[in-house]
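Text of target29.txt, listed as compact mmCIF, C-alpha atoms:
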```txt
# COMPACT_ATOMS: atom_id res chain seq x y z
CA MET H 1 -0.14 5.89 20.11
CA ASN H 2 0.01 9.33 21.68
CA LYS H 3 3.60 9.60 20.49
CA VAL H 4 2.54 8.50 17.02
CA ALA H 5 -0.22 11.10 16.89
CA ARG H 6 2.17 13.81 18.05
CA ALA H 7 4.53 12.90 15.22
CA TYR H 8 1.90 14.33 12.87
CA VAL H 9 0.25 17.18 14.79
CA ARG H 10 0.86 19.27 17.87
CA VAL H 11 -1.45 17.85 20.53
CA ALA H 12 -2.02 19.15 24.03
CA GLY H 13 -2.81 16.38 26.52
CA GLN H 14 -3.91 12.85 25.72
CA CYS H 15 -5.62 11.93 22.46
CA ALA H 16 -8.69 9.74 22.22
CA PHE H 17 -8.27 6.62 20.06
CA VAL H 18 -10.92 4.38 18.52
CA GLU H 19 -9.93 1.08 16.93
CA LEU H 20 -11.39 0.70 13.45
CA GLY H 21 -12.18 -2.30 11.28
CA GLN H 22 -11.58 -6.01 11.66
CA GLY H 23 -8.60 -6.37 9.33
CA ASN H 24 -6.56 -9.57 9.30
CA ILE H 25 -3.23 -7.76 8.89
CA ASN H 26 -2.77 -4.19 10.20
CA ASP H 27 -4.02 -2.27 13.27
CA THR H 28 -6.02 0.88 12.48
CA PHE H 29 -7.14 3.67 14.82
CA LEU H 30 -9.07 6.90 14.59
CA VAL H 31 -7.36 9.78 16.38
CA ASP H 32 -10.51 11.52 17.58
CA ARG H 33 -9.97 15.28 17.47
CA GLY H 34 -13.41 16.42 16.35
CA LYS H 35 -13.21 18.17 12.97
CA ASN H 36 -9.46 17.55 12.87
CA SER H 37 -9.63 13.79 13.33
CA PHE H 38 -7.32 11.55 11.32
CA ILE H 39 -6.38 7.89 10.92
CA ILE H 40 -3.19 6.16 12.05
CA GLN H 41 -2.26 2.63 11.08
CA ARG H 42 0.47 0.31 12.30
CA ILE H 43 1.86 -1.64 9.33
CA ASN H 44 2.38 -5.31 10.09
CA ALA H 45 6.11 -5.86 9.50
CA ARG H 46 5.70 -9.62 9.86
CA VAL H 47 3.65 -9.55 6.65
CA PHE H 48 5.19 -6.51 4.94
CA ARG H 49 8.93 -6.99 5.46
CA GLU H 50 9.65 -3.47 4.20
CA PRO H 51 6.80 -1.39 5.65
CA ARG H 52 8.29 1.90 4.46
CA LYS H 53 7.71 0.75 0.88
CA VAL H 54 4.06 0.16 1.75
CA ALA H 55 3.77 3.69 3.14
CA GLN H 56 5.55 5.15 0.13
CA ASN H 57 3.28 3.34 -2.36
CA THR H 58 0.23 4.59 -0.50
CA ALA H 59 1.53 8.15 -0.70
CA VAL H 60 2.23 7.88 -4.45
CA VAL H 61 -1.23 6.52 -5.28
CA SER H 62 -3.03 8.92 -2.94
CA SER H 63 -1.22 11.91 -4.44
CA HIS H 64 -2.02 10.75 -7.97
CA LEU H 65 -5.73 10.20 -7.26
CA ASN H 66 -6.11 13.49 -5.41
CA SER H 67 -4.42 15.47 -8.19
CA GLY H 68 -7.47 15.15 -10.43
CA ALA H 69 -7.12 11.58 -11.69
CA ALA H 70 -10.11 10.25 -9.72
CA PRO H 71 -13.51 10.45 -11.47
CA ALA H 72 -16.01 13.05 -10.25
CA GLY H 73 -17.88 11.99 -7.13
CA PHE H 74 -15.03 9.92 -5.74
CA HIS H 75 -12.42 11.21 -3.34
CA PHE H 76 -9.65 9.26 -1.70
CA PRO H 77 -7.95 9.76 1.68
CA ARG H 78 -4.86 11.98 1.65
CA ILE H 79 -1.68 10.59 3.14
CA LEU H 80 -0.43 12.85 5.94
CA LYS H 81 3.25 13.63 6.36
CA THR H 82 4.92 13.74 9.74
CA ARG H 83 6.03 17.09 11.14
CA HIS H 84 9.44 16.20 9.67
CA GLY H 85 7.96 15.72 6.18
CA GLU H 86 8.04 11.92 5.97
CA ASN H 87 5.34 9.52 4.76
CA TRP H 88 5.80 7.21 7.76
CA TYR H 89 6.76 7.27 11.42
CA VAL H 90 8.83 4.66 13.27
CA ASP H 91 8.06 4.37 16.99
CA CYS H 92 10.40 3.45 19.84
CA ASN H 93 9.64 -0.26 19.30
CA GLY H 94 10.66 -0.09 15.64
CA GLU H 95 7.04 -0.32 14.43
CA THR H 96 6.21 1.65 11.27
CA TRP H 97 3.07 3.79 11.20
CA ARG H 98 1.36 5.89 8.58
CA ALA H 99 -1.43 8.45 8.80
CA GLN H 100 -4.17 9.59 6.47
CA SER H 101 -7.05 12.02 6.42
CA TYR H 102 -10.36 10.94 7.90
CA ILE H 103 -13.37 11.18 5.57
CA ALA H 104 -16.11 12.34 7.91
CA GLY H 105 -19.66 11.13 7.40
CA SER H 106 -18.52 7.84 5.92
CA ARG H 107 -18.61 4.22 6.98
CA VAL H 108 -17.52 0.75 5.89
CA TYR H 109 -19.50 -2.48 5.80
CA GLU H 110 -17.93 -5.79 6.75
CA SER H 111 -20.58 -7.42 4.55
CA ILE H 112 -23.56 -6.21 2.55
CA GLY H 113 -26.86 -7.75 1.52
CA ASP H 114 -28.27 -5.07 -0.73
CA VAL H 115 -27.94 -5.08 -4.54
CA ALA H 116 -27.82 -1.28 -4.70
CA LEU H 117 -24.82 -1.26 -2.33
CA ALA H 118 -23.21 -4.03 -4.39
CA SER H 119 -23.53 -1.86 -7.48
CA GLN H 120 -21.84 0.98 -5.61
CA VAL H 121 -18.94 -1.32 -4.72
CA GLY H 122 -18.51 -2.17 -8.40
CA ARG H 123 -18.62 1.51 -9.38
CA CYS H 124 -16.00 2.39 -6.76
CA LEU H 125 -13.58 -0.29 -7.91
CA ALA H 126 -14.01 0.86 -11.52
CA ALA H 127 -13.39 4.46 -10.45
CA PHE H 128 -10.18 3.38 -8.74
CA HIS H 129 -9.01 1.50 -11.84
CA HIS H 130 -9.86 4.50 -14.00
CA GLY H 131 -8.03 6.83 -11.64
CA VAL H 132 -4.76 4.86 -11.67
CA GLU H 133 -4.85 4.00 -15.37
CA ASN H 134 -2.16 6.55 -16.24
CA LEU H 135 -0.01 5.97 -13.15
CA PRO H 136 3.28 4.37 -14.30
CA GLN H 137 3.74 0.95 -12.71
CA ASP H 138 7.44 1.58 -12.13
CA ARG H 139 6.62 4.33 -9.63
CA LEU H 140 5.39 1.67 -7.21
CA GLU H 141 7.55 -0.64 -5.13
CA GLN H 142 6.91 -4.38 -4.94
CA VAL H 143 5.86 -4.96 -1.33
CA LEU H 144 4.70 -8.59 -1.49
CA PRO H 145 6.80 -10.57 -3.97
CA GLY H 146 4.67 -13.32 -5.46
CA PHE H 147 1.35 -11.73 -4.45
CA HIS H 148 -1.47 -13.31 -6.51
CA ASN H 149 1.02 -15.83 -7.89
CA LEU H 150 -1.11 -18.94 -7.61
CA PRO H 151 1.58 -21.40 -8.81
CA LEU H 152 3.87 -20.07 -6.06
CA TYR H 153 1.12 -20.37 -3.43
CA LEU H 154 0.59 -23.98 -4.49
CA GLN H 155 4.33 -24.65 -4.09
CA ASN H 156 4.25 -23.09 -0.62
CA PHE H 157 1.27 -25.29 0.24
CA GLU H 158 3.13 -28.45 -0.81
CA THR H 159 6.09 -27.45 1.35
CA ALA H 160 3.85 -26.71 4.35
CA LEU H 161 1.97 -29.99 3.94
CA ALA H 162 5.22 -31.96 3.80
CA GLY H 163 6.23 -30.47 7.16
CA PHE H 164 2.83 -30.97 8.85
CA SER H 165 2.95 -33.70 11.48
CA GLN H 166 -0.56 -33.57 12.99
CA LYS H 167 -3.47 -35.84 12.16
CA ILE H 168 -5.39 -34.92 8.99
CA GLY H 169 -9.05 -34.59 10.00
CA SER H 170 -12.13 -34.41 7.79
CA ARG H 171 -12.01 -30.63 7.25
CA LEU H 172 -8.36 -30.62 6.24
CA HIS H 173 -8.99 -33.66 4.03
CA PHE H 174 -11.76 -31.72 2.24
CA CYS H 175 -9.30 -28.86 1.60
CA LEU H 176 -6.68 -31.24 0.22
CA GLU H 177 -9.22 -32.80 -2.16
CA CYS H 178 -10.19 -29.35 -3.48
CA ILE H 179 -6.57 -28.41 -4.05
CA VAL H 180 -6.05 -31.57 -6.10
CA ARG H 181 -9.25 -30.89 -8.08
CA TYR H 182 -8.68 -27.22 -8.92
CA GLY H 183 -4.92 -26.88 -8.63
CA LYS H 184 -4.51 -28.01 -12.26
CA TYR H 185 -5.91 -24.62 -13.35
CA GLY H 186 -3.31 -22.72 -11.30
CA ASN H 187 -1.26 -21.51 -14.30
CA PHE H 188 -4.23 -20.11 -16.23
CA PHE H 189 -3.50 -16.40 -15.89
CA GLU H 190 0.28 -16.73 -15.97
CA THR H 191 -0.14 -18.49 -19.32
CA ALA H 192 -2.50 -15.75 -20.54
CA VAL H 193 0.06 -13.08 -19.67
CA SER H 194 2.87 -14.94 -21.42
CA ARG H 195 0.72 -15.24 -24.55
CA GLY H 196 -0.10 -11.53 -24.52
CA ASN H 197 -3.83 -12.08 -23.92
CA ILE H 198 -3.77 -9.77 -20.90
CA ALA H 199 -1.30 -7.29 -19.43
CA ALA H 200 -0.49 -6.11 -15.93
CA LYS H 201 -1.77 -2.70 -14.81
CA VAL H 202 -1.87 -0.79 -11.52
CA VAL H 203 -4.45 -2.50 -9.32
CA HIS H 204 -5.70 -2.25 -5.74
CA GLY H 205 -4.79 -5.81 -4.78
CA ASP H 206 -7.33 -6.21 -1.94
CA PRO H 207 -10.69 -4.78 -3.10
CA LYS H 208 -12.84 -6.46 -0.46
CA VAL H 209 -16.09 -4.82 0.56
CA SER H 210 -14.67 -3.56 3.87
CA ASN H 211 -12.14 -1.48 1.91
CA VAL H 212 -14.90 0.62 0.32
CA LEU H 213 -16.06 3.79 2.07
CA PHE H 214 -19.75 4.71 1.83
CA ASP H 215 -21.30 8.12 2.43
CA ILE H 216 -23.62 7.68 5.42
CA SER H 217 -26.33 10.01 4.12
CA THR H 218 -26.47 8.93 0.46
CA GLU H 219 -25.25 5.31 0.74
CA LYS H 220 -23.02 5.98 -2.27
CA ALA H 221 -19.48 4.61 -2.38
CA VAL H 222 -16.99 7.46 -2.27
CA ALA H 223 -13.52 5.92 -1.92
CA MET H 224 -11.38 2.82 -1.72
CA ILE H 225 -9.07 2.58 1.25
CA ASP H 226 -6.26 0.29 2.46
CA LEU H 227 -3.73 0.58 -0.35
CA ASP H 228 -1.20 -1.84 1.20
CA THR H 229 -1.21 -4.15 -1.81
CA VAL H 230 -1.52 -1.58 -4.59
CA GLY H 231 0.88 -2.28 -7.42
CA SER H 232 1.31 -4.05 -10.73
CA GLY H 233 -1.22 -6.83 -11.28
CA LEU H 234 -4.24 -8.02 -13.24
CA VAL H 235 -7.49 -6.07 -13.24
CA LEU H 236 -9.30 -9.41 -13.44
CA TYR H 237 -7.87 -10.46 -10.08
CA ASP H 238 -9.28 -7.27 -8.54
CA ILE H 239 -12.71 -7.88 -10.08
CA GLY H 240 -12.71 -11.54 -9.03
CA ASP H 241 -11.69 -10.71 -5.47
CA CYS H 242 -14.31 -7.96 -5.28
CA LEU H 243 -17.01 -10.40 -6.36
CA ARG H 244 -15.77 -13.02 -3.90
CA SER H 245 -15.82 -10.58 -0.99
CA CYS H 246 -19.06 -8.80 -1.85
CA CYS H 247 -21.13 -11.77 -2.98
CA GLY H 248 -19.65 -14.71 -1.11
CA PRO H 249 -19.95 -15.83 2.53
CA SER H 250 -18.15 -14.46 5.53
CA GLU H 251 -14.65 -15.91 5.81
CA GLU H 252 -15.52 -17.33 9.24
CA ARG H 253 -18.72 -19.10 8.23
CA ASN H 254 -18.62 -22.87 8.02
CA SER H 255 -21.72 -24.64 6.72
CA SER H 256 -23.00 -26.57 3.74
CA GLU H 257 -24.98 -23.50 2.61
CA VAL H 258 -21.95 -21.52 1.45
CA GLY H 259 -22.53 -20.06 -2.01
CA LEU H 260 -22.26 -17.07 -4.31
CA ASN H 261 -25.14 -14.58 -4.19
CA THR H 262 -25.77 -14.15 -7.92
CA ALA H 263 -28.10 -11.16 -7.50
CA MET H 264 -25.34 -9.32 -5.67
CA ALA H 265 -22.83 -10.39 -8.29
CA ALA H 266 -25.03 -8.91 -11.02
CA GLY H 267 -25.10 -5.64 -9.06
CA VAL H 268 -21.30 -5.49 -8.74
CA LEU H 269 -20.83 -6.23 -12.44
CA GLU H 270 -23.37 -3.64 -13.61
CA GLY H 271 -21.87 -1.04 -11.30
CA TYR H 272 -18.36 -1.73 -12.56
CA LEU H 273 -19.27 -1.70 -16.25
CA GLN H 274 -21.20 1.57 -15.85
CA GLU H 275 -17.94 3.27 -14.93
CA ARG H 276 -15.38 1.36 -16.97
CA MET H 277 -15.53 -1.07 -19.88
CA LEU H 278 -13.34 -4.15 -20.15
CA ASP H 279 -11.78 -5.70 -23.24
CA ARG H 280 -13.15 -8.92 -24.70
CA PHE H 281 -10.65 -11.26 -22.99
CA GLU H 282 -11.35 -9.69 -19.61
CA LEU H 283 -15.13 -9.97 -20.07
CA GLU H 284 -14.86 -13.60 -21.14
CA HIS H 285 -12.75 -14.61 -18.15
CA ILE H 286 -14.43 -12.95 -15.16
CA TYR H 287 -15.72 -16.37 -14.12
CA ASP H 288 -12.17 -17.78 -14.16
CA ALA H 289 -10.89 -14.86 -12.11
CA LEU H 290 -13.64 -15.32 -9.50
CA LEU H 291 -13.02 -19.06 -9.27
CA LEU H 292 -9.23 -18.83 -9.07
CA VAL H 293 -9.00 -15.90 -6.67
CA SER H 294 -11.40 -17.72 -4.30
CA PHE H 295 -9.34 -20.89 -4.69
CA GLU H 296 -6.12 -18.93 -4.13
CA LEU H 297 -7.39 -17.51 -0.84
CA GLY H 298 -8.37 -20.98 0.31
CA VAL H 299 -4.86 -22.22 -0.50
CA ARG H 300 -3.34 -19.31 1.43
CA PHE H 301 -5.56 -19.95 4.48
CA VAL H 302 -4.84 -23.67 4.64
CA THR H 303 -1.11 -23.09 4.08
CA ASP H 304 -1.04 -20.61 6.96
CA TYR H 305 -2.84 -23.15 9.15
CA LEU H 306 -0.31 -25.84 8.25
CA MET H 307 2.55 -23.45 9.09
CA GLY H 308 1.15 -22.49 12.51
CA ASN H 309 -0.75 -19.29 11.60
CA GLN H 310 2.09 -16.93 10.76
CA TYR H 311 0.32 -14.55 8.33
CA PHE H 312 -3.36 -13.98 9.09
CA LYS H 313 -4.56 -12.94 12.53
CA VAL H 314 -6.28 -15.72 14.49
CA ASN H 315 -8.03 -16.09 17.82
CA LEU H 316 -8.01 -19.89 17.79
CA PRO H 317 -5.50 -22.30 16.22
CA GLU H 318 -8.05 -23.64 13.70
CA ASP H 319 -9.39 -20.25 12.52
CA ASN H 320 -7.41 -20.41 9.27
CA LEU H 321 -8.55 -23.98 8.64
CA ASN H 322 -12.17 -22.86 9.09
CA ARG H 323 -11.58 -19.98 6.68
CA ALA H 324 -10.04 -22.35 4.15
CA VAL H 325 -13.03 -24.71 4.33
CA VAL H 326 -15.39 -21.80 3.63
CA GLN H 327 -13.35 -20.66 0.64
CA PHE H 328 -13.22 -24.14 -0.88
CA GLN H 329 -16.96 -24.58 -0.34
CA LEU H 330 -17.37 -21.31 -2.24
CA VAL H 331 -15.10 -22.57 -5.03
CA GLU H 332 -17.28 -25.67 -5.40
CA ASN H 333 -20.39 -23.51 -5.59
CA ILE H 334 -18.85 -21.11 -8.14
CA SER H 335 -17.82 -24.07 -10.30
CA SER H 336 -21.39 -25.40 -10.26
CA GLN H 337 -22.72 -21.99 -11.39
CA ARG H 338 -20.35 -21.31 -14.30
CA ARG H 339 -23.08 -20.78 -16.90
CA VAL H 340 -25.07 -18.59 -14.53
CA ILE H 341 -22.06 -16.36 -13.79
CA GLU H 342 -21.12 -16.04 -17.46
CA GLY H 343 -24.75 -15.11 -18.15
CA LEU H 344 -24.56 -12.40 -15.48
CA VAL H 345 -21.50 -10.90 -17.20
CA ALA H 346 -23.25 -10.90 -20.58
CA GLY H 347 -26.38 -9.38 -19.06
CA ALA H 348 -24.46 -6.63 -17.28
CA GLU H 349 -22.61 -5.80 -20.49
CA LYS H 350 -25.87 -5.48 -22.43
CA GLN H 351 -27.44 -3.29 -19.75
CA CYS H 352 -24.50 -0.91 -19.86
CA GLN H 353 -24.49 -0.79 -23.67
CA LYS H 354 -28.16 0.31 -23.60
CA ARG H 355 -27.22 3.24 -21.38
```
Could you show the structure in this file as structure tokens?
Amino acid sequence: MNKVARAYVRVAGQCAFVELGQGNINDTFLVDRGKNSFIIQRINARVFREPRKVAQNTAVVSSHLNSGAAPAGFHFPRILKTRHGENWYVDCNGETWRAQSYIAGSRVYESIGDVALASQVGRCLAAFHHGVENLPQDRLEQVLPGFHNLPLYLQNFETALAGFSQKIGSRLHFCLECIVRYGKYGNFFETAVSRGNIAAKVVHGDPKVSNVLFDISTEKAVAMIDLDTVGSGLVLYDIGDCLRSCCGPSEERNSSEVGLNTAMAAGVLEGYLQERMLDRFELEHIYDALLLVSFELGVRFVTDYLMGNQYFKVNLPEDNLNRAVVQFQLVENISSQRRVIEGLVAGAEKQCQKR
């Protein structure tokens, strides 16, 4: 890591490094240099087969947002170039790294339980969407082919299940039942795109709560970070995933009490619609996006478990199975609250129209 840091700045002696976050994919560190601190991140090449494309996309979006596209009050980390002018650095082991500015006086939350913070998360996601609205999609590389392609994930699941030779216990059986029950809705958004009901735009791709930076003193959201998955996609997937992360349970939790916090969901929706309005189709299908993106993540977790945990980081062999159970419990709860969730959307829309 000292060599990585020196690829970006001239450093005398050893640097101090602090590991940041609890991400499932990449490894992130603060290079602690006082006022001149910055972030370095090792891009997981097992997940992102072409990590230089990830670094390049991040640089394109960061440059666009920091050139005046971001709404007032929001600022996004700047991508730092190496001393040789590149957007990435490859170390002696062939690992690809990138670096970005450190926003001092900020913090992330792994989870939140406050409606005011939930509203800030919604506002920040809307600000990001507003900021990249005029960024041409063809300027961004495709780094994860098939990302948010639920029919493809279901095919991968079937393949993984066919090759699974261990005993199917009660938790895995529960997951399989949920996939049968909700898998029939897997083509919903692909069909909507083909009919012209909704179009792809530049999206974040992973707008979970831990990817939102908050100002420590004001508790206001100031930036979205971790642009690994930025690219062409559906705004509704971003909104659904944001609601899932902000208002659902921890991925590791496993109990019968898993459910969507509707008060928090109302906060996210009001915050989002304060900053950016959606068209009628998008407003009418937020529930579907929340349900299907939660279901999709459950499918991805259980598939990774069946394949021996190749994608998401795990400490124990059954971590991904536990995560899948939680996601499918959440799906069941979301399904039972359809009218409530659709009422929250309508209420948030009315509140924002009054303003």
Nearest-residue call for Phe281 of chain H, choices H:Leu236, H:His204, H:Ile225, H:Val108, using only C-alpha atoms: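 Ranked by minimum distance to Phe281 of chain H, first place goes to H:Leu236.
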Find the distance between atom CA of Ala192 of chain H and atom CA of Cys247 of chain H and write it in Å to one decimal.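 Atom-to-atom, atom CA of Ala192 of chain H to atom CA of Cys247 of chain H, that is 25.9 Å.
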Could you please determine the separation between atom CA of Leu316 of chain H and atom CA of Val293 of chain H in Å, to one decimal place?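 Rounded to one decimal, the two atoms are 24.8 Å apart.
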Using only C-alpha atoms, which of H:Leu269, H:Leu234, H:Val302, H:Leu290 sits nearest Leu344 of chain H?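 Closest residue, counting only C-alpha atoms: H:Leu269.
Comparing H:Val203, H:Ala69, H:Met307, H:Cys15 by their smallest distance to Gln166 of chain H, the closest is H:Met307 (using all atoms listed in the file).
Atom CA of Ile25 of chain H to atom CA of Val61 of chain H spans 20.2 Å [interatomic distance, one decimal].
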H:Phe74, H:Phe312, H:Tyr89, H:Trp97: which is nearest Ile40 of chain H, counting only C-alpha atoms? H:Trp97
Could you produce a table of the residues of segment 118-159 of chain H lying within 12 Å of segment 216-219 of chain H, with the nearest pair of atoms per residue and their separation in Å rounded to one decimal, using all atoms listed in the file, ordered by chain and increasing residue number, as JSON lines?
```
{"residue": "H:Ala118", "atom": "CA", "partner": "H:Glu219", "partner_atom": "CA", "distance": 10.8}
{"residue": "H:Ser119", "atom": "CA", "partner": "H:Glu219", "partner_atom": "CA", "distance": 11.0}
{"residue": "H:Gln120", "atom": "CA", "partner": "H:Glu219", "partner_atom": "CA", "distance": 8.4}
{"residue": "H:Val121", "atom": "CA", "partner": "H:Glu219", "partner_atom": "CA", "distance": 10.7}
```
Residues of segment 176-246 of chain H at most 8 Å from segment 145-163 of chain H: nearest atom pair and distance in Å, only C-alpha atoms, as a tab-separated table:
```
residue	atom	partner	partner_atom	distance
H:Gly183	CA	H:Leu154	CA	7.5
H:Gly186	CA	H:Pro151	CA	5.6
H:Asn187	CA	H:Pro151	CA	6.2
H:Tyr237	CA	H:His148	CA	7.9
```
Which residue out of H:Leu321, H:Asn134, H:Val90, H:Asp279 has the minimum interatomic distance to Gly68 of chain H when only C-alpha atoms are used? H:Asn134
Skipping near chain neighbours, those fewer than 3 positions away, what residues fall within 7 Å of Tyr102 of chain H using all atoms listed in the file, listed as an mmCIF file with C-alpha atoms, in the frame of the given file?
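The new file around.cif reads:
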```cif
data_model
loop_
_atom_site.group_PDB
_atom_site.id
_atom_site.type_symbol
_atom_site.label_atom_id
_atom_site.label_comp_id
_atom_site.auth_asym_id
_atom_site.auth_seq_id
_atom_site.Cartn_x
_atom_site.Cartn_y
_atom_site.Cartn_z
ATOM 1 C CA SER H 37 -9.630 13.790 13.330
ATOM 2 C CA PHE H 38 -7.320 11.550 11.320
ATOM 3 C CA ILE H 39 -6.380 7.890 10.920
ATOM 4 C CA PRO H 77 -7.950 9.760 1.680
#
```
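Proximity to His75 of chain H was assessed for H:Val9, H:Leu278, H:Ala127, H:Val326 counting all atoms listed in the file; the smallest distance is recorded for H:Ala127.
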List as a CSV table (one decimal) with C-alpha atoms, keeping the file's coordinate frame the protein and nucleic acid residues near Phe174 of chain H, meaning an atom at most 10 Å away when all atoms listed in the file are counted, but skip any in the same chain fewer than 6 places from it.
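result-v3.csv written:
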```csv
chain,number,residue,atom,x,y,z
H,168,ILE,CA,-5.4,-34.9,9.0
H,324,ALA,CA,-10.0,-22.4,4.2
H,325,VAL,CA,-13.0,-24.7,4.3
H,328,PHE,CA,-13.2,-24.1,-0.9
H,329,GLN,CA,-17.0,-24.6,-0.3
```
Shell around segment 78-88 of chain H at 8 Å using all atoms listed in the file, local window under 5 positions removed, as a PDB file with C-alpha atoms, keeping the file's coordinate frame:
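Writing the result to around-v5.pdb gives the following:
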```pdb
ATOM      1  CA  ALA H   7       4.530  12.900  15.220  1.00  0.00           C
ATOM      2  CA  TYR H   8       1.900  14.330  12.870  1.00  0.00           C
ATOM      3  CA  VAL H   9       0.250  17.180  14.790  1.00  0.00           C
ATOM      4  CA  ARG H  52       8.290   1.900   4.460  1.00  0.00           C
ATOM      5  CA  ALA H  55       3.770   3.690   3.140  1.00  0.00           C
ATOM      6  CA  GLN H  56       5.550   5.150   0.130  1.00  0.00           C
ATOM      7  CA  THR H  58       0.230   4.590  -0.500  1.00  0.00           C
ATOM      8  CA  ALA H  59       1.530   8.150  -0.700  1.00  0.00           C
ATOM      9  CA  SER H  62      -3.030   8.920  -2.940  1.00  0.00           C
ATOM     10  CA  SER H  63      -1.220  11.910  -4.440  1.00  0.00           C
ATOM     11  CA  ASN H  66      -6.110  13.490  -5.410  1.00  0.00           C
ATOM     12  CA  THR H  96       6.210   1.650  11.270  1.00  0.00           C
ATOM     13  CA  TRP H  97       3.070   3.790  11.200  1.00  0.00           C
ATOM     14  CA  ARG H  98       1.360   5.890   8.580  1.00  0.00           C
ATOM     15  CA  ALA H  99      -1.430   8.450   8.800  1.00  0.00           C
ATOM     16  CA  GLN H 100      -4.170   9.590   6.470  1.00  0.00           C
ATOM     17  CA  SER H 101      -7.050  12.020   6.420  1.00  0.00           C
TER      18      SER H 101
END
```
From (-15.0, 1.4, -8.6), in the file's coordinates, out to 12 Å: which residues are reached, counting all atoms listed in the file? Answer as a VMD selection string. chain H and resid 70 to 76 117 to 132 203 to 204 207 to 209 211 to 214 220 to 225 235 238 to 239 242 268 to 277
Write out as a list in words each polymer residue whose atoms come within 9 Å of Ile341 of chain H, counting all atoms listed in the file; drop sequence neighbours fewer than 4 positions from it.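 Final neighbour list, sorted by chain and number: Thr262, Ala265, Ala266, Ile286, Tyr287, Ile334, Gln337, Val345 and Ala346 of chain H.
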Expected file contents, prior selection, C-alpha atoms, as a short mmCIF file (atom, residue, chain, number, x, y, z; two decimals), keeping the file's coordinate frame:
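Output file out17.cif follows:
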```cif
data_model
loop_
_atom_site.label_atom_id
_atom_site.label_comp_id
_atom_site.auth_asym_id
_atom_site.auth_seq_id
_atom_site.Cartn_x
_atom_site.Cartn_y
_atom_site.Cartn_z
CA THR H 262 -25.77 -14.15 -7.92
CA ALA H 265 -22.83 -10.39 -8.29
CA ALA H 266 -25.03 -8.91 -11.02
CA ILE H 286 -14.43 -12.95 -15.16
CA TYR H 287 -15.72 -16.37 -14.12
CA ILE H 334 -18.85 -21.11 -8.14
CA GLN H 337 -22.72 -21.99 -11.39
CA VAL H 345 -21.50 -10.90 -17.20
CA ALA H 346 -23.25 -10.90 -20.58
#
```
